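Peer 1: This is coords24.pdb (PDB, C-alpha atoms).
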```pdb
ATOM      1  CA  MET A   1       0.000   0.000   0.000
ATOM      2  CA  CYS A   2       1.266   3.475  -0.864
ATOM      3  CA  SER A   3       2.085   5.513   2.236
ATOM      4  CA  THR A   4       0.930   8.711   0.481
ATOM      5  CA  CYS A   5      -2.303   7.919  -1.394
ATOM      6  CA  GLN A   6      -3.042   4.631   0.409
ATOM      7  CA  PHE A   7      -3.901   2.878  -2.844
ATOM      8  CA  PRO A   8      -5.087   0.102  -3.249
ATOM      9  CA  ALA A   9      -6.687   0.110   0.205
ATOM     10  CA  ARG A  10      -8.304   3.468  -0.542
ATOM     11  CA  ARG A  11     -10.097   4.515  -3.750
ATOM     12  CA  LEU A  12     -11.578   7.857  -2.700
ATOM     13  CA  TRP A  13     -10.255  11.142  -1.305
ATOM     14  CA  THR A  14     -12.374  14.168  -0.442
ATOM     15  CA  PHE A  15     -12.225  17.945  -0.574
ATOM     16  CA  GLN A  16     -11.732  17.857   3.199
ATOM     17  CA  LYS A  17      -8.543  15.798   3.126
ATOM     18  CA  HIS A  18      -6.397  14.518   0.294
ATOM     19  CA  PRO A  19      -2.743  14.030  -0.564
ATOM     20  CA  LYS A  20      -1.007  16.423  -2.897
ATOM     21  CA  PHE A  21      -1.350  15.009  -6.389
ATOM     22  CA  VAL A  22       0.383  16.282  -9.520
ATOM     23  CA  PRO A  23      -1.871  17.276 -12.443
ATOM     24  CA  VAL A  24      -1.302  15.158 -15.555
ATOM     25  CA  GLN A  25      -4.093  16.172 -17.940
ATOM     26  CA  SER A  26      -7.453  17.917 -17.916
ATOM     27  CA  ASP A  27     -10.482  18.011 -20.127
ATOM     28  CA  GLY A  28     -13.067  20.518 -18.935
ATOM     29  CA  TRP A  29     -14.118  19.642 -15.393
ATOM     30  CA  ALA A  30     -12.358  16.276 -15.529
ATOM     31  CA  ILE A  31      -8.783  16.216 -14.266
ATOM     32  CA  ILE A  32      -6.425  13.282 -13.931
ATOM     33  CA  GLU A  33      -3.586  13.548 -11.447
ATOM     34  CA  ARG A  34      -0.772  11.320 -10.238
ATOM     35  CA  CYS A  35       0.521  10.352  -6.833
ATOM     36  CA  LEU A  36       4.211  11.257  -6.753
ATOM     37  CA  ALA A  37       5.044   8.427  -4.378
ATOM     38  CA  CYS A  38       3.619   5.470  -6.319
ATOM     39  CA  GLY A  39       2.440   6.787  -9.700
ATOM     40  CA  GLN A  40      -1.219   5.854  -9.136
ATOM     41  CA  LEU A  41      -3.614   7.935 -11.258
ATOM     42  CA  TRP A  42      -6.456   9.793  -9.530
ATOM     43  CA  CYS A  43      -9.459  11.418 -11.221
ATOM     44  CA  ARG A  44     -10.675  14.693  -9.766
ATOM     45  CA  VAL A  45     -14.200  15.976 -10.326
ATOM     46  CA  ALA A  46     -15.653  19.086  -8.675
ATOM     47  CA  TYR A  47     -19.249  18.891  -7.492
ATOM     48  CA  GLU A  48     -21.810  21.553  -6.666
ATOM     49  CA  PRO A  49     -22.533  23.888  -5.100
ATOM     50  CA  HIS A  50     -20.263  26.230  -7.010
ATOM     51  CA  SER A  51     -18.002  23.347  -8.103
ATOM     52  CA  ALA A  52     -16.289  23.843  -4.754
ATOM     53  CA  PHE A  53     -16.271  20.233  -3.567
ATOM     54  CA  SER A  54     -13.715  18.025  -5.295
ATOM     55  CA  PHE A  55     -13.401  14.279  -4.943
ATOM     56  CA  TRP A  56     -10.545  12.098  -6.208
ATOM     57  CA  ALA A  57     -11.268   8.554  -7.382
ATOM     58  CA  ALA A  58      -8.464   6.087  -8.095
ATOM     59  CA  TRP A  59      -8.313   5.421 -11.831
ATOM     60  CA  PRO A  60      -7.862   1.674 -12.399
ATOM     61  CA  LYS A  61      -6.781   1.919 -16.041
ATOM     62  CA  LYS A  62      -4.242   3.716 -18.236
ATOM     63  CA  GLN A  63      -4.280   7.451 -18.898
ATOM     64  CA  GLU A  64      -5.206   6.828 -22.553
ATOM     65  CA  ASP A  65      -8.312   4.934 -21.405
ATOM     66  CA  TRP A  66      -9.338   7.916 -19.283
ATOM     67  CA  LEU A  67      -9.214  10.236 -22.277
ATOM     68  CA  ARG A  68     -11.030   7.761 -24.515
ATOM     69  CA  LEU A  69     -13.809   7.376 -21.926
ATOM     70  CA  LEU A  70     -14.137  11.156 -21.623
ATOM     71  CA  GLN A  71     -14.607  11.378 -25.388
ATOM     72  CA  SER A  72     -17.453   8.860 -25.477
ATOM     73  CA  ASP A  73     -21.041  10.034 -25.097
ATOM     74  CA  GLU A  74     -19.942  13.541 -24.078
ATOM     75  CA  GLY A  75     -18.058  12.102 -21.094
ATOM     76  CA  LEU A  76     -21.192  10.892 -19.331
ATOM     77  CA  PRO A  77     -19.874   7.336 -18.715
ATOM     78  CA  TYR A  78     -16.779   8.833 -17.046
ATOM     79  CA  TYR A  79     -18.744  11.124 -14.765
ATOM     80  CA  GLU A  80     -21.143   8.315 -13.887
ATOM     81  CA  TRP A  81     -18.194   6.049 -13.068
ATOM     82  CA  HIS A  82     -16.776   8.770 -10.778
ATOM     83  CA  GLU A  83     -20.150   9.157  -9.066
ATOM     84  CA  ALA A  84     -20.327   5.383  -8.573
ATOM     85  CA  VAL A  85     -16.943   5.348  -6.814
ATOM     86  CA  LEU A  86     -18.103   8.231  -4.626
ATOM     87  CA  ILE A  87     -21.323   6.423  -3.698
ATOM     88  CA  GLU A  88     -19.637   3.068  -3.105
ATOM     89  CA  ASP A  89     -16.743   4.372  -1.005
ATOM     90  CA  TYR A  90     -17.855   7.447   0.948
ATOM     91  CA  GLY A  91     -19.245   5.236   3.713
ATOM     92  CA  LYS A  92     -15.766   3.754   4.213
ATOM     93  CA  LEU A  93     -14.121   7.131   4.829
ATOM     94  CA  PRO A  94     -12.578   7.985   8.203
ATOM     95  CA  GLY A  95     -14.965   9.764  10.592
ATOM     96  CA  GLU A  96     -13.897  13.371  10.038
ATOM     97  CA  GLU A  97     -13.964  13.000   6.250
ATOM     98  CA  LYS A  98     -17.327  11.252   6.329
ATOM     99  CA  GLU A  99     -18.692  14.099   8.477
ATOM    100  CA  ALA A 100     -17.432  16.598   5.874
ATOM    101  CA  VAL A 101     -19.242  14.651   3.136
ATOM    102  CA  GLU A 102     -22.443  14.688   5.198
ATOM    103  CA  ALA A 103     -22.097  18.474   5.660
ATOM    104  CA  TRP A 104     -21.623  18.812   1.873
ATOM    105  CA  ARG A 105     -24.808  16.792   1.299
ATOM    106  CA  ARG A 106     -26.750  19.117   3.610
ATOM    107  CA  ARG A 107     -25.272  22.218   1.988
ATOM    108  CA  ALA A 108     -26.238  20.908  -1.456
ATOM    109  CA  TYR A 109     -29.806  20.269  -0.215
ATOM    110  CA  GLY A 110     -29.598  16.623  -1.187
ATOM    111  CA  ARG A 111     -28.659  17.354  -4.799
ATOM    112  CA  THR A 112     -25.587  15.150  -4.812
ATOM    113  CA  PRO A 113     -24.882  11.881  -6.622
ATOM    114  CA  ILE A 114     -25.244  10.149  -3.248
ATOM    115  CA  ASP A 115     -28.806  11.415  -2.874
ATOM    116  CA  GLU A 116     -30.196  11.563  -6.395
ATOM    117  CA  ARG A 117     -28.718   9.759  -9.330
ATOM    118  CA  LYS A 118     -30.118   8.273 -12.540
ATOM    119  CA  PRO A 119     -27.181   6.771 -14.445
ATOM    120  CA  ARG A 120     -27.508   5.743 -18.078
ATOM    121  CA  PHE A 121     -24.162   3.966 -18.404
ATOM    122  CA  CYS A 122     -22.495   3.146 -15.076
ATOM    123  CA  GLN A 123     -24.692   1.842 -12.284
ATOM    124  CA  SER A 124     -21.596   0.710 -10.386
ATOM    125  CA  SER A 125     -17.881   1.396 -10.713
ATOM    126  CA  SER A 126     -17.346  -2.096 -12.132
ATOM    127  CA  ASP A 127     -19.385  -1.060 -15.200
ATOM    128  CA  LEU A 128     -16.241   0.757 -16.341
ATOM    129  CA  GLU A 129     -15.176  -2.565 -17.876
ATOM    130  CA  LYS A 130     -17.946  -2.209 -20.492
ATOM    131  CA  PHE A 131     -16.264   0.915 -21.815
ATOM    132  CA  VAL A 132     -12.577   0.428 -21.237
ATOM    133  CA  GLY A 133     -12.102  -3.369 -21.061
ATOM    134  CA  VAL A 134      -9.466  -5.230 -19.153
TER     135      VAL A 134
END
```
Can you present the structure in this file as structure tokens?
Peer 2:
Amino acid sequence: MCSTCQFPARRLWTFQKHPKFVPVQSDGWAIIERCLACGQLWCRVAYEPHSAFSFWAAWPKKQEDWLRLLQSDEGLPYYEWHEAVLIEDYGKLPGEEKEAVEAWRRRAYGRTPIDERKPRFCQSSSDLEKFVGV
């Protein structure tokens, strides 16, 4: 396990606490960054309100796959995958980070992927395989 990003034990970091990652590439609101210690790729997406609440999800594929996924169906499968990681892993966060996520949910009046979500492509993070393959 990486002592900096804690991958593979951890797949999600929050706006409240996260390691310093190095930007690699961006495409609109989607940003892919790298952990300097181990090289693991992390996808950052900013959520409302005011795009002020970023979450980092560990990217399980190559950088080229990230860009290809962003270019399919206007990026919707990518954003839905990111939301799925957020939904699946926020409950596993340490107490203080989980409390910050709960405060974000209240501040967003329940308009978060955790509270209301109607995915077309990625119901769960494992659905990424349908788009990127092994």
Peer 1: Let me have the centre and edge lengths in Å, one decimal, of the box along x, y and z around every listed atom of segment 54-72 of chain A with 4 Å of margin on each side, as JSON.
Peer 2:
```
{"center_x": -10.8, "center_y": 9.8, "center_z": -15.2, "size_x": 21.2, "size_y": 24.4, "size_z": 28.5}
```
Peer 1: Mind running segment 33-82 of chain A against segment 112-130 of chain A at 10 Å and telling me each contacting residue's nearest atom pair with the distance in Å (one decimal), counting all atoms listed in the file, chain and number ascending, as a tab-separated table?
Peer 2:
```
residue	atom	partner	partner_atom	distance
A:Tyr47	CA	A:Thr112	CA	7.8
A:Glu48	CA	A:Thr112	CA	7.7
A:Pro49	CA	A:Thr112	CA	9.3
A:Pro60	CA	A:Leu128	CA	9.3
A:Lys61	CA	A:Leu128	CA	9.5
A:Leu69	CA	A:Leu128	CA	9.0
A:Asp73	CA	A:Phe121	CA	9.6
A:Leu76	CA	A:Phe121	CA	7.6
A:Pro77	CA	A:Phe121	CA	5.5
A:Tyr78	CA	A:Leu128	CA	8.1
A:Tyr79	CA	A:Cys122	CA	8.8
A:Glu80	CA	A:Cys122	CA	5.5
A:Trp81	CA	A:Ser125	CA	5.2
A:His82	CA	A:Ser125	CA	7.5
```
Peer 1: Which residues of segment 18-70 of chain A have any atom within 12 Å of an atom in segment 90-105 of chain A when counting all atoms listed in the file, and what is the closest pair of atoms for each, with the distance in Å to one decimal? Order the rows by chain and rising number and write it as a Markdown table.
Peer 2:
```
| residue | atom | partner | partner_atom | distance |
| --- | --- | --- | --- | --- |
| A:His18 | CA | A:Glu97 | CA | 9.7 |
| A:Tyr47 | CA | A:Trp104 | CA | 9.7 |
| A:Glu48 | CA | A:Trp104 | CA | 9.0 |
| A:Pro49 | CA | A:Trp104 | CA | 8.7 |
| A:His50 | CA | A:Trp104 | CA | 11.7 |
| A:Ser51 | CA | A:Trp104 | CA | 11.5 |
| A:Ala52 | CA | A:Trp104 | CA | 9.9 |
| A:Phe53 | CA | A:Trp104 | CA | 7.8 |
| A:Ser54 | CA | A:Val101 | CA | 10.6 |
| A:Phe55 | CA | A:Val101 | CA | 10.0 |
| A:Trp56 | CA | A:Tyr90 | CA | 11.2 |
| A:Ala57 | CA | A:Tyr90 | CA | 10.7 |
```
Peer 1: Any chance you could work out the residue set of the PyMOL selection byres ((chain A and resi 58) around 9) here, as a list in words?
Peer 2: Phe7, Pro8, Arg10, Arg11, Leu12, Trp13, Gln40, Leu41, Trp42, Cys43, Trp56, Ala57, Trp59, Pro60 and Val85 of chain A
Peer 1: Given the choices A:Arg106, A:Phe131, A:Ile32, A:Ala9, which gets closest to Gln63 of chain A if the distance is worked out from all atoms listed in the file?
Peer 2: A:Ile32
Peer 1: Rank nothing, just name the residue among A:Cys2, A:Val45, A:Val132, A:Leu86 nearest to Gly28 of chain A, using all atoms listed in the file.
Peer 2: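 Result for the nearest residue to Gly28 of chain A: A:Val45.
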Peer 1: Nearest residue to Leu67 of chain A out of A:Arg111, A:Ile31, A:Pro23, A:Gln16, using all atoms listed in the file?
Peer 2: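 Closest residue, counting all atoms listed in the file: A:Ile31.
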Peer 1: I'd like the interatomic distance between atom CA of Cys38 of chain A and atom CA of Val22 of chain A, to a tenth of an Å.
Peer 2: 11.7 Å
Peer 1: Would you compute the distance between atom CA of Lys17 of chain A and atom CA of Glu33 of chain A? Give it in Å to one decimal.
Peer 2: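 Computed distance, atom CA of Lys17 of chain A to atom CA of Glu33 of chain A, equals 15.6 Å.
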Peer 1: Work out how far apart atom CA of Phe21 of chain A and atom CA of Arg34 of chain A are and give it in Å to one decimal.
Peer 2: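 Going from atom CA of Phe21 of chain A over to atom CA of Arg34 of chain A covers 5.4 Å.
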